[in-house]
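Peer 1: Just target_35.csv, nothing more (CSV, C-alpha atoms):
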chain,number,residue,atom,x,y,z
A,326,MET,CA,25.3,31.5,1.8
A,327,GLN,CA,27.1,31.2,-1.5
A,328,THR,CA,25.0,30.2,-4.4
A,329,SER,CA,26.9,27.0,-5.2
A,330,LYS,CA,26.9,25.9,-1.6
A,331,ARG,CA,23.2,26.7,-1.4
A,332,THR,CA,22.5,24.7,-4.5
A,333,LEU,CA,24.4,21.8,-3.1
A,334,VAL,CA,22.4,22.0,0.2
A,335,PHE,CA,19.1,21.9,-1.7
A,336,ALA,CA,20.3,19.2,-4.0
A,337,VAL,CA,21.2,17.0,-1.0
A,338,LEU,CA,17.8,17.7,0.6
A,339,ALA,CA,16.1,16.7,-2.6
A,340,LEU,CA,18.2,13.5,-2.9
A,341,ILE,CA,17.4,12.6,0.8
A,342,VAL,CA,13.7,12.9,0.1
A,343,TRP,CA,14.0,10.9,-3.1
A,344,SER,CA,16.1,8.1,-1.6
A,345,VAL,CA,14.1,7.7,1.7
A,346,THR,CA,10.8,7.8,-0.2
A,347,THR,CA,11.8,5.3,-2.8
A,348,THR,CA,13.4,3.0,-0.3
A,349,ALA,CA,10.3,3.1,1.8
A,350,TYR,CA,8.2,2.4,-1.2
A,351,ALA,CA,10.5,-0.6,-2.1
A,352,GLY,CA,10.1,-1.8,1.4
A,353,TYR,CA,6.3,-1.4,1.2
A,354,TYR,CA,6.2,-3.5,-2.0
A,355,TYR,CA,8.5,-6.1,-0.6
A,356,THR,CA,6.2,-6.6,2.5
A,357,GLN,CA,3.2,-6.7,0.1
A,358,TYR,CA,5.0,-9.3,-2.0
A,359,LYS,CA,5.8,-11.4,1.1
A,360,GLN,CA,2.2,-11.2,2.3
A,361,LEU,CA,0.9,-12.3,-1.1
A,362,GLU,CA,3.5,-15.1,-1.2
A,363,ASP,CA,2.2,-16.4,2.1
A,364,THR,CA,-1.3,-16.2,0.9
A,365,LEU,CA,-0.4,-18.0,-2.3
A,366,LYS,CA,1.2,-20.8,-0.3
A,367,THR,CA,-1.9,-21.1,1.8
A,368,MET,CA,-4.1,-21.2,-1.3
A,369,GLN,CA,-1.8,-23.8,-2.9
A,370,SER,CA,-2.3,-26.1,0.0
A,371,LEU,CA,-6.0,-25.9,-0.7
A,372,ILE,CA,-5.7,-26.7,-4.4
A,373,LEU,CA,-4.7,-30.1,-5.8
A,374,ARG,CA,-3.2,-30.9,-9.2
A,375,VAL,CA,-4.5,-34.3,-10.5
A,376,ASN,CA,-4.3,-36.1,-13.8
A,377,VAL,CA,-7.4,-37.6,-15.4
A,378,LEU,CA,-7.3,-40.0,-18.4
A,379,ILE,CA,-10.5,-40.8,-20.3
A,380,ASN,CA,-10.2,-43.8,-22.7
A,381,TYR,CA,-13.2,-43.8,-25.1
A,382,GLY,CA,-12.5,-47.3,-26.2
A,383,ASN,CA,-12.2,-46.4,-29.9
A,384,GLY,CA,-8.5,-45.6,-29.7
A,385,THR,CA,-9.1,-42.1,-28.4
A,386,LYS,CA,-7.5,-41.3,-25.1
A,387,GLU,CA,-7.9,-38.0,-23.5
A,388,TRP,CA,-5.4,-36.8,-20.9
A,389,HIS,CA,-6.2,-33.9,-18.6
A,390,ASN,CA,-3.0,-33.3,-16.8
A,391,ALA,CA,-2.5,-31.0,-13.9
A,392,THR,CA,-6.2,-30.5,-13.5
A,393,LEU,CA,-6.9,-28.1,-10.6
A,394,VAL,CA,-9.4,-29.3,-8.1
A,395,PRO,CA,-10.1,-28.1,-4.5
A,396,ALA,CA,-8.7,-30.1,-1.6
A,397,GLY,CA,-11.3,-32.7,-0.6
A,398,ALA,CA,-12.4,-33.2,-4.2
A,399,THR,CA,-13.4,-36.8,-5.2
A,400,VAL,CA,-12.7,-38.6,-8.5
A,401,PHE,CA,-16.3,-37.7,-9.4
A,402,ASN,CA,-15.5,-33.9,-8.8
A,403,ALA,CA,-12.3,-34.2,-10.9
A,404,THR,CA,-14.1,-35.8,-13.7
A,405,LEU,CA,-16.8,-33.2,-13.7
A,406,ALA,CA,-14.1,-30.6,-13.9
A,407,VAL,CA,-12.8,-32.0,-17.3
A,408,ALA,CA,-15.8,-33.6,-19.0
A,409,ARG,CA,-19.5,-33.6,-19.5
A,410,VAL,CA,-20.8,-36.4,-17.3
A,411,GLU,CA,-24.2,-38.2,-17.0
A,412,HIS,CA,-24.5,-40.2,-13.8
A,413,SER,CA,-27.0,-42.2,-11.8
A,414,MET,CA,-27.1,-42.9,-8.1
A,415,TRP,CA,-26.9,-46.4,-6.6
A,416,GLY,CA,-27.7,-45.7,-3.0
A,417,GLU,CA,-25.1,-43.1,-2.0
A,418,TYR,CA,-22.7,-44.2,-4.7
A,419,VAL,CA,-22.4,-42.5,-8.1
A,420,LEU,CA,-22.3,-44.5,-11.3
A,421,ILE,CA,-21.1,-42.8,-14.4
A,422,ASP,CA,-23.4,-43.6,-17.3
A,423,SER,CA,-21.6,-41.5,-20.0
A,424,ILE,CA,-18.6,-39.2,-20.4
A,425,ASN,CA,-18.8,-36.6,-23.1
A,426,GLY,CA,-21.8,-38.4,-24.6
A,427,VAL,CA,-20.0,-41.8,-24.8
A,428,GLN,CA,-22.0,-44.5,-23.0
A,429,GLY,CA,-20.2,-47.0,-20.7
A,430,ILE,CA,-20.4,-50.7,-21.4
A,431,GLY,CA,-22.2,-53.0,-19.0
A,432,ASP,CA,-24.4,-52.4,-15.9
A,433,ALA,CA,-21.7,-50.5,-14.0
A,434,GLY,CA,-21.1,-48.1,-16.9
A,435,TRP,CA,-17.7,-46.3,-16.9
A,436,VAL,CA,-15.1,-47.7,-14.5
A,437,TRP,CA,-12.3,-45.7,-13.0
A,438,TRP,CA,-8.8,-46.9,-12.3
A,439,ILE,CA,-6.1,-45.5,-10.2
A,440,TRP,CA,-2.4,-45.3,-11.2
A,441,ASP,CA,0.0,-46.8,-8.6
A,442,PRO,CA,3.3,-45.0,-9.0
A,443,SER,CA,5.1,-47.6,-6.8
A,444,THR,CA,4.4,-50.4,-9.3
A,445,SER,CA,3.8,-48.2,-12.3
A,446,GLN,CA,0.6,-50.0,-13.0
A,447,TRP,CA,-3.1,-49.2,-13.0
A,448,LYS,CA,-5.1,-50.6,-10.1
A,449,SER,CA,-8.8,-51.3,-10.2
A,450,ALA,CA,-10.7,-49.0,-8.0
A,451,LEU,CA,-12.4,-50.5,-5.0
A,452,GLU,CA,-14.9,-47.8,-4.3
A,453,ALA,CA,-17.3,-45.5,-6.0
A,454,CYS,CA,-15.9,-42.5,-7.7
A,455,ASN,CA,-17.6,-40.1,-5.3
A,456,GLN,CA,-16.1,-42.0,-2.3
A,457,HIS,CA,-12.4,-41.6,-3.2
A,458,VAL,CA,-10.9,-38.3,-2.0
A,459,MET,CA,-8.0,-37.4,-4.3
A,460,VAL,CA,-4.6,-36.4,-3.2
A,461,ASP,CA,-2.2,-34.0,-4.9
A,462,GLY,CA,-0.5,-35.5,-7.9
A,463,GLU,CA,-2.8,-38.5,-8.2
A,464,THR,CA,-3.6,-40.0,-11.5
A,465,ILE,CA,-6.9,-41.7,-12.3
A,466,GLY,CA,-8.2,-43.2,-15.6
A,467,TRP,CA,-11.7,-43.9,-16.9
A,468,ASN,CA,-12.4,-46.9,-19.1
A,469,GLN,CA,-15.7,-48.0,-20.7
A,470,ASN,CA,-15.5,-51.4,-19.0
A,471,TRP,CA,-13.8,-53.0,-16.0
A,472,THR,CA,-12.0,-55.8,-17.9
A,473,SER,CA,-9.0,-53.8,-18.9
A,474,PRO,CA,-7.1,-50.8,-17.6
A,475,PRO,CA,-7.5,-47.4,-19.4
A,476,SER,CA,-4.1,-47.5,-21.0
B,734,MET,CA,10.0,38.3,20.4
B,735,ARG,CA,7.9,41.4,20.6
B,736,PHE,CA,4.9,41.9,18.4
B,737,GLN,CA,3.5,45.2,17.2
B,738,THR,CA,-0.3,45.3,17.1
B,739,ARG,CA,-0.4,44.8,13.3
B,740,GLN,CA,2.0,41.8,13.5
B,741,LEU,CA,0.0,40.3,16.4
B,742,ALA,CA,-3.2,40.7,14.3
B,743,LEU,CA,-1.5,39.0,11.3
B,744,PHE,CA,-0.1,36.2,13.5
B,745,CYS,CA,-3.6,35.6,14.9
B,746,ALA,CA,-5.3,35.8,11.5
B,747,LEU,CA,-2.8,33.2,10.1
B,748,ALA,CA,-3.3,31.0,13.2
B,749,ALA,CA,-7.1,31.2,12.7
B,750,ALA,CA,-6.7,30.4,9.0
B,751,ALA,CA,-4.4,27.5,9.7
B,752,VAL,CA,-6.6,26.0,12.4
B,753,GLY,CA,-9.7,26.5,10.3
B,754,ILE,CA,-8.3,24.8,7.3
B,755,GLN,CA,-6.7,22.1,9.4
B,756,LEU,CA,-10.0,21.2,11.1
B,757,ALA,CA,-12.1,21.4,7.9
B,758,PRO,CA,-13.1,18.0,6.3
B,759,ARG,CA,-10.4,17.1,3.7
B,760,PRO,CA,-8.6,14.1,2.3
B,761,PRO,CA,-6.0,12.7,4.6
B,762,ASN,CA,-2.6,14.4,4.4
B,763,VAL,CA,-3.8,17.1,2.1
B,764,GLU,CA,-3.2,20.2,4.3
B,765,SER,CA,-2.0,23.7,4.2
B,766,THR,CA,-0.9,24.0,7.8
B,767,SER,CA,2.7,23.2,6.9
B,768,LEU,CA,2.9,26.0,4.4
B,769,ILE,CA,1.3,28.6,6.7
B,770,THR,CA,3.6,27.6,9.6
B,771,PHE,CA,6.6,27.8,7.3
B,772,PHE,CA,5.4,31.1,6.1
B,773,VAL,CA,5.0,32.4,9.6
B,774,GLY,CA,8.5,31.3,10.3
B,775,VAL,CA,9.7,33.3,7.3
B,776,ILE,CA,7.8,36.4,8.4
B,777,PHE,CA,8.3,36.4,12.1
B,778,GLY,CA,11.4,34.3,12.7
B,779,CYS,CA,12.3,30.9,14.2
B,780,LEU,CA,10.7,31.3,17.6
B,781,ALA,CA,7.4,32.6,16.3
B,782,GLY,CA,7.3,29.9,13.6
B,783,GLY,CA,8.0,27.2,16.2
B,784,LEU,CA,5.3,28.5,18.5
B,785,PHE,CA,2.8,28.8,15.7
B,786,GLY,CA,3.4,25.1,14.7
B,787,THR,CA,3.0,24.1,18.4
B,788,LEU,CA,-0.2,26.1,18.8
B,789,VAL,CA,-1.9,24.8,15.6
B,790,MET,CA,-1.0,21.2,16.2
B,791,LEU,CA,-2.1,21.5,19.9
B,792,VAL,CA,-5.6,22.6,18.8
B,793,ASN,CA,-5.6,20.1,16.0
B,794,GLY,CA,-4.7,17.3,18.4
B,795,PHE,CA,-7.9,17.8,20.3
B,796,LEU,CA,-10.3,19.0,17.6
B,797,SER,CA,-9.2,17.2,14.5
B,798,PRO,CA,-12.0,15.6,12.4
B,799,TRP,CA,-9.9,12.4,12.4
B,800,GLY,CA,-10.3,12.3,16.2
B,801,PHE,CA,-8.1,12.9,19.3
B,802,ALA,CA,-4.5,12.6,18.4
B,803,GLY,CA,-3.5,11.2,21.7
B,804,LEU,CA,0.1,10.2,22.2
B,805,ILE,CA,1.0,11.1,18.7
B,806,MET,CA,0.3,14.8,19.4
B,807,PRO,CA,3.8,15.6,20.9
B,808,PHE,CA,5.4,14.2,17.7
B,809,GLN,CA,3.0,16.3,15.5
B,810,ILE,CA,3.9,19.3,17.5
B,811,VAL,CA,7.6,18.8,17.2
B,812,GLY,CA,7.3,18.1,13.5
B,813,MET,CA,5.2,21.2,12.8
B,814,SER,CA,7.4,23.4,15.0
B,815,LEU,CA,10.4,22.3,13.1
B,816,ILE,CA,8.7,23.5,9.9
B,817,GLY,CA,8.1,26.9,11.5
B,818,VAL,CA,11.7,27.1,12.7
B,819,THR,CA,13.0,26.2,9.3
B,820,GLY,CA,11.0,29.0,7.9
B,821,GLY,CA,12.9,31.3,10.3
B,822,ILE,CA,16.2,29.8,9.2
B,823,LEU,CA,15.3,30.6,5.5
B,824,ARG,CA,14.6,34.1,6.6
B,825,ARG,CA,18.0,34.3,8.2
B,826,TYR,CA,19.8,33.1,5.1
B,827,GLY,CA,17.6,35.2,2.8
B,828,ALA,CA,15.6,34.3,-0.3
B,829,PRO,CA,17.2,33.9,-3.7
B,830,SER,CA,16.8,36.7,-6.1
B,831,SER,CA,15.4,34.5,-8.9
B,832,ALA,CA,11.7,33.6,-8.5
B,833,THR,CA,12.2,30.3,-10.3
B,834,ARG,CA,14.9,29.4,-7.9
B,835,MET,CA,12.7,30.4,-5.1
B,836,VAL,CA,10.0,28.0,-6.4
B,837,PHE,CA,12.4,25.1,-6.6
B,838,GLU,CA,14.0,25.8,-3.2
B,839,THR,CA,10.6,26.1,-1.4
B,840,ALA,CA,9.4,23.0,-3.2
B,841,ILE,CA,12.4,21.0,-2.0
B,842,LEU,CA,12.1,22.4,1.5
B,843,GLY,CA,8.4,21.5,1.5
B,844,SER,CA,9.1,17.9,0.5
B,845,PHE,CA,12.0,17.5,3.0
B,846,LEU,CA,10.1,19.0,5.9
B,847,THR,CA,7.1,16.9,5.2
B,848,LEU,CA,9.3,13.8,5.1
B,849,VAL,CA,10.8,14.8,8.5
B,850,TYR,CA,7.3,15.4,9.9
B,851,ASP,CA,6.1,12.1,8.6
B,852,ILE,CA,9.1,10.2,10.0
B,853,LEU,CA,8.5,11.9,13.4
B,854,THR,CA,4.8,11.0,13.5
B,855,ASN,CA,5.6,7.5,12.4
B,856,VAL,CA,8.1,7.2,15.2
B,857,GLY,CA,5.2,8.2,17.5
B,858,VAL,CA,3.0,5.5,16.0
B,859,ALA,CA,5.7,2.9,16.3
B,860,LEU,CA,6.3,3.7,20.0
B,861,ILE,CA,2.6,3.6,20.8
B,862,THR,CA,1.8,0.5,18.8
B,863,ASN,CA,5.1,-1.2,19.7
B,864,VAL,CA,6.0,-2.0,16.2
B,865,PRO,CA,9.5,-1.3,14.6
B,866,ILE,CA,9.9,2.3,13.4
B,867,VAL,CA,10.9,1.2,9.9
B,868,PHE,CA,7.8,-1.0,9.6
B,869,ALA,CA,5.6,1.8,10.8
B,870,PHE,CA,7.1,4.1,8.1
B,871,ILE,CA,6.8,1.5,5.4
B,872,THR,CA,3.2,0.7,6.2
B,873,GLY,CA,2.3,4.3,6.0
B,874,VAL,CA,4.4,5.2,3.0
B,875,ALA,CA,1.4,5.6,0.6
B,876,PHE,CA,0.0,8.3,2.9
B,877,SER,CA,3.5,9.9,3.3
B,878,PHE,CA,3.9,9.9,-0.5
B,879,ILE,CA,0.6,11.8,-0.9
B,880,HIS,CA,1.7,14.2,1.9
B,881,ILE,CA,5.1,14.8,0.3
B,882,VAL,CA,3.8,15.3,-3.2
B,883,TRP,CA,1.1,17.6,-2.0
B,884,ASN,CA,3.4,19.8,0.0
B,885,THR,CA,6.1,19.9,-2.7
B,886,VAL,CA,3.5,21.2,-5.1
B,887,LEU,CA,1.9,23.6,-2.6
B,888,PHE,CA,5.2,25.0,-1.3
B,889,GLY,CA,6.5,25.4,-4.8
B,890,LEU,CA,3.5,27.0,-6.3
B,891,ALA,CA,2.0,29.0,-3.4
B,892,PHE,CA,4.9,30.2,-1.3
B,893,THR,CA,6.4,32.7,-3.7
B,894,PRO,CA,3.1,34.4,-4.6
B,895,LEU,CA,2.1,34.4,-0.9
B,896,LEU,CA,5.4,36.1,-0.1
B,897,LYS,CA,5.1,38.7,-2.9
B,898,THR,CA,1.6,39.5,-1.8
B,899,PHE,CA,2.7,40.2,1.8
B,900,GLN,CA,5.6,42.2,0.5
B,901,THR,CA,3.3,44.3,-1.6
B,902,PHE,CA,1.1,45.0,1.4
B,903,GLY,CA,4.2,45.9,3.4
B,904,GLU,CA,3.5,43.6,6.2
B,905,MET,CA,7.0,42.3,6.3
B,906,ARG,CA,10.5,43.1,5.5
B,907,LYS,CA,11.8,41.7,2.2
B,908,ILE,CA,13.7,38.6,3.2
B,909,ALA,CA,15.6,38.9,0.0
B,910,ASP,CA,17.2,42.0,1.4
B,911,LYS,CA,18.7,40.3,4.3
Turn this file's structure into structure tokens for me.

Peer 2:
Amino acid sequence: MQTSKRTLVFAVLALIVWSVTTTAYAGYYYTQYKQLEDTLKTMQSLILRVNVLINYGNGTKEWHNATLVPAGATVFNATLAVARVEHSMWGEYVLIDSINGVQGIGDAGWVWWIWDPSTSQWKSALEACNQHVMVDGETIGWNQNWTSPPS
Amino acid sequence: MRFQTRQLALFCALAAAAVGIQLAPRPPNVESTSLITFFVGVIFGCLAGGLFGTLVMLVNGFLSPWGFAGLIMPFQIVGMSLIGVTGGILRRYGAPSSATRMVFETAILGSFLTLVYDILTNVGVALITNVPIVFAFITGVAFSFIHIVWNTVLFGLAFTPLLKTFQTFGEMRKIADK
């Protein structure tokens, strides 16, 4: 076989190996990517993004937007995720005594409100903070008393 | 294909070496059977190379430390026989005069033949497990990559010294002369 022809044959063989291997590797990483994407979607359905407002009553308002909490988390769990909380139990209900060292006013302590996007207004919560299971995108706010909304 | 006694002894010794190394505990796809089979093809020709590959993979199929090969065995046999036959084809066309060129050519042949072998065995896996052939190859690409890199290096580095050693001992005709 002529040297130039022989060189060409071996060059083609080398290119075949290179192209098949790299294509297969690209396919491998693509399948890995798709698998991870599916896993991420599953995980995302298990994680909620919620917004928490804490109004300290002295003009300081603290927003914790897009706080990540696991599905099934209550308002109490979301608050624990963003602040140092002291609480007491009233039967099976949680009462928040202080948030980040700031005491609530009145017997009920801190009061939580829920943002109603349909009316764009805060609504007074009708249940204890450990009774309300949050949904994705929900916004809640804490105020020191129940007489006024948190913002 | 008629063997003289010395050639038969050499064939058997190489078969024993290939089977022994093949059955020894080792990392997956790190093997020297391909090189030895290819070498047998170069020394004895296409038919002997093909038979050598068949023999070694037949034994390996039953006694491999990774377990009985089962239905993949025919694909392994075809793949390894092809390596032996290719050795015989190289013998027919003759080796290049330059040692450096020889290293590169055998390295490329090693990688190509390993790729063909892996594709064949993955076809077997695909048929047995009833998955698409491309998917089977893609899933096992990491193992194939190790196999190809290993054999590229082994063929490139070991074939030429092996050939020269056998030429020195006069056990074969110089394929470069053909």

Peer 1: Excluding same-chain residues fewer than 4 positions from region 873-877 of chain B, what lies within 8 Å of it counting all atoms listed in the file, as a list in words?

Peer 2: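 Counting all atoms listed in the file, the residues come to Thr346, Ala349, Tyr350 and Tyr353 of chain A; Pro761, Asn762, Leu848, Asp851, Asn855, Ala869 and Ile881 of chain B.
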
Peer 1: Could I get the residues of chain A with an atom no further than 9 Å from an atom of chain B, each paired with its nearest atom pair and that distance in Å to one decimal, using all atoms listed in the file, sorted by chain and residue number, as CSV?

Peer 2:
residue,atom,partner,partner_atom,distance
A:Met326,CA,B:Tyr826,CA,6.6
A:Thr328,CA,B:Pro829,CA,8.7
A:Thr332,CA,B:Glu838,CA,8.7
A:Phe335,CA,B:Glu838,CA,6.6
A:Ala336,CA,B:Ile841,CA,8.3
A:Leu338,CA,B:Phe845,CA,6.3
A:Ala339,CA,B:Ile841,CA,5.7
A:Ile341,CA,B:Phe845,CA,7.6
A:Val342,CA,B:Phe845,CA,5.7
A:Val345,CA,B:Leu848,CA,8.5
A:Thr346,CA,B:Phe878,CA,7.2
A:Thr348,CA,B:Ile871,CA,8.8
A:Ala349,CA,B:Ile871,CA,5.3
A:Tyr350,CA,B:Val874,CA,6.3
A:Ala351,CA,B:Ile871,CA,8.6
A:Gly352,CA,B:Ile871,CA,6.1
A:Tyr353,CA,B:Ile871,CA,5.1
A:Tyr354,CA,B:Ile871,CA,9.0
A:Thr356,CA,B:Ile871,CA,8.6

Peer 1: What is the CA of Lys330 (chain A) to CA of Phe777 (chain B) distance in Å?

Peer 2: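 CA of Phe777 (chain B) lies at a distance of 25.4 Å from CA of Lys330 (chain A).
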
Peer 1: Let me make sure I understand: among B:Ser830, B:Ser797, B:Thr854, B:Thr862, which one has the smallest atom-to-atom distance to Val811 (chain B) if we use only C-alpha atoms?

Peer 2: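 Counting only C-alpha atoms, the residue closest to Val811 (chain B) is B:Thr854.
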
Peer 1: Rounded to one decimal in Å, what is the spacing between CA of Cys745 (chain B) and CA of Gly889 (chain B)?

Peer 2: 24.4 Å

Peer 1: Produce region 331-352 of chain A of the given structure as output with N, CA and C atoms, as a PDB file, in the first residue's frame.

Peer 2:
ATOM      1  N   ARG A 331      -1.835   4.805   2.823  1.00  0.00           N
ATOM      2  CA  ARG A 331      -1.793   4.155   4.137  1.00  0.00           C
ATOM      3  C   ARG A 331      -2.023   5.193   5.239  1.00  0.00           C
ATOM      4  N   THR A 332      -1.378   6.346   5.092  1.00  0.00           N
ATOM      5  CA  THR A 332      -1.551   7.422   6.068  1.00  0.00           C
ATOM      6  C   THR A 332      -3.011   7.850   6.126  1.00  0.00           C
ATOM      7  N   LEU A 333      -3.607   7.940   4.952  1.00  0.00           N
ATOM      8  CA  LEU A 333      -5.016   8.350   4.876  1.00  0.00           C
ATOM      9  C   LEU A 333      -5.919   7.340   5.590  1.00  0.00           C
ATOM     10  N   VAL A 334      -5.647   6.058   5.355  1.00  0.00           N
ATOM     11  CA  VAL A 334      -6.461   5.007   6.000  1.00  0.00           C
ATOM     12  C   VAL A 334      -6.374   5.126   7.522  1.00  0.00           C
ATOM     13  N   PHE A 335      -5.164   5.286   8.034  1.00  0.00           N
ATOM     14  CA  PHE A 335      -5.007   5.374   9.488  1.00  0.00           C
ATOM     15  C   PHE A 335      -5.578   6.670  10.049  1.00  0.00           C
ATOM     16  N   ALA A 336      -5.475   7.729   9.275  1.00  0.00           N
ATOM     17  CA  ALA A 336      -6.072   9.001   9.714  1.00  0.00           C
ATOM     18  C   ALA A 336      -7.588   8.870   9.809  1.00  0.00           C
ATOM     19  N   VAL A 337      -8.165   8.183   8.815  1.00  0.00           N
ATOM     20  CA  VAL A 337      -9.630   7.975   8.835  1.00  0.00           C
ATOM     21  C   VAL A 337     -10.031   7.118  10.031  1.00  0.00           C
ATOM     22  N   LEU A 338      -9.260   6.072  10.282  1.00  0.00           N
ATOM     23  CA  LEU A 338      -9.558   5.201  11.434  1.00  0.00           C
ATOM     24  C   LEU A 338      -9.513   6.001  12.740  1.00  0.00           C
ATOM     25  N   ALA A 339      -8.472   6.822  12.861  1.00  0.00           N
ATOM     26  CA  ALA A 339      -8.334   7.633  14.080  1.00  0.00           C
ATOM     27  C   ALA A 339      -9.515   8.600  14.223  1.00  0.00           C
ATOM     28  N   LEU A 340      -9.921   9.193  13.101  1.00  0.00           N
ATOM     29  CA  LEU A 340     -11.053  10.136  13.138  1.00  0.00           C
ATOM     30  C   LEU A 340     -12.360   9.427  13.489  1.00  0.00           C
ATOM     31  N   ILE A 341     -12.508   8.204  12.999  1.00  0.00           N
ATOM     32  CA  ILE A 341     -13.715   7.432  13.326  1.00  0.00           C
ATOM     33  C   ILE A 341     -13.775   7.193  14.841  1.00  0.00           C
ATOM     34  N   VAL A 342     -12.646   6.763  15.392  1.00  0.00           N
ATOM     35  CA  VAL A 342     -12.597   6.502  16.841  1.00  0.00           C
ATOM     36  C   VAL A 342     -12.928   7.775  17.608  1.00  0.00           C
ATOM     37  N   TRP A 343     -12.282   8.877  17.193  1.00  0.00           N
ATOM     38  CA  TRP A 343     -12.482  10.156  17.883  1.00  0.00           C
ATOM     39  C   TRP A 343     -13.944  10.599  17.801  1.00  0.00           C
ATOM     40  N   SER A 344     -14.505  10.538  16.596  1.00  0.00           N
ATOM     41  CA  SER A 344     -15.876  11.054  16.425  1.00  0.00           C
ATOM     42  C   SER A 344     -16.902  10.186  17.142  1.00  0.00           C
ATOM     43  N   VAL A 345     -16.750   8.867  17.033  1.00  0.00           N
ATOM     44  CA  VAL A 345     -17.726   7.978  17.693  1.00  0.00           C
ATOM     45  C   VAL A 345     -17.644   8.128  19.211  1.00  0.00           C
ATOM     46  N   THR A 346     -16.408   8.152  19.716  1.00  0.00           N
ATOM     47  CA  THR A 346     -16.235   8.248  21.171  1.00  0.00           C
ATOM     48  C   THR A 346     -16.771   9.573  21.716  1.00  0.00           C
ATOM     49  N   THR A 347     -16.414  10.654  21.055  1.00  0.00           N
ATOM     50  CA  THR A 347     -16.875  11.957  21.562  1.00  0.00           C
ATOM     51  C   THR A 347     -18.392  12.116  21.416  1.00  0.00           C
ATOM     52  N   THR A 348     -18.938  11.574  20.321  1.00  0.00           N
ATOM     53  CA  THR A 348     -20.397  11.627  20.160  1.00  0.00           C
ATOM     54  C   THR A 348     -21.083  10.828  21.263  1.00  0.00           C
ATOM     55  N   ALA A 349     -20.526   9.650  21.529  1.00  0.00           N
ATOM     56  CA  ALA A 349     -21.111   8.816  22.590  1.00  0.00           C
ATOM     57  C   ALA A 349     -21.006   9.509  23.944  1.00  0.00           C
ATOM     58  N   TYR A 350     -19.850  10.162  24.172  1.00  0.00           N
ATOM     59  CA  TYR A 350     -19.689  10.875  25.443  1.00  0.00           C
ATOM     60  C   TYR A 350     -20.670  12.049  25.542  1.00  0.00           C
ATOM     61  N   ALA A 351     -20.869  12.737  24.412  1.00  0.00           N
ATOM     62  CA  ALA A 351     -21.849  13.836  24.399  1.00  0.00           C
ATOM     63  C   ALA A 351     -23.240  13.295  24.715  1.00  0.00           C
ATOM     64  N   GLY A 352     -23.561  12.157  24.114  1.00  0.00           N
ATOM     65  CA  GLY A 352     -24.850  11.514  24.398  1.00  0.00           C
ATOM     66  C   GLY A 352     -24.979  11.101  25.846  1.00  0.00           C
TER      67      GLY A 352
END
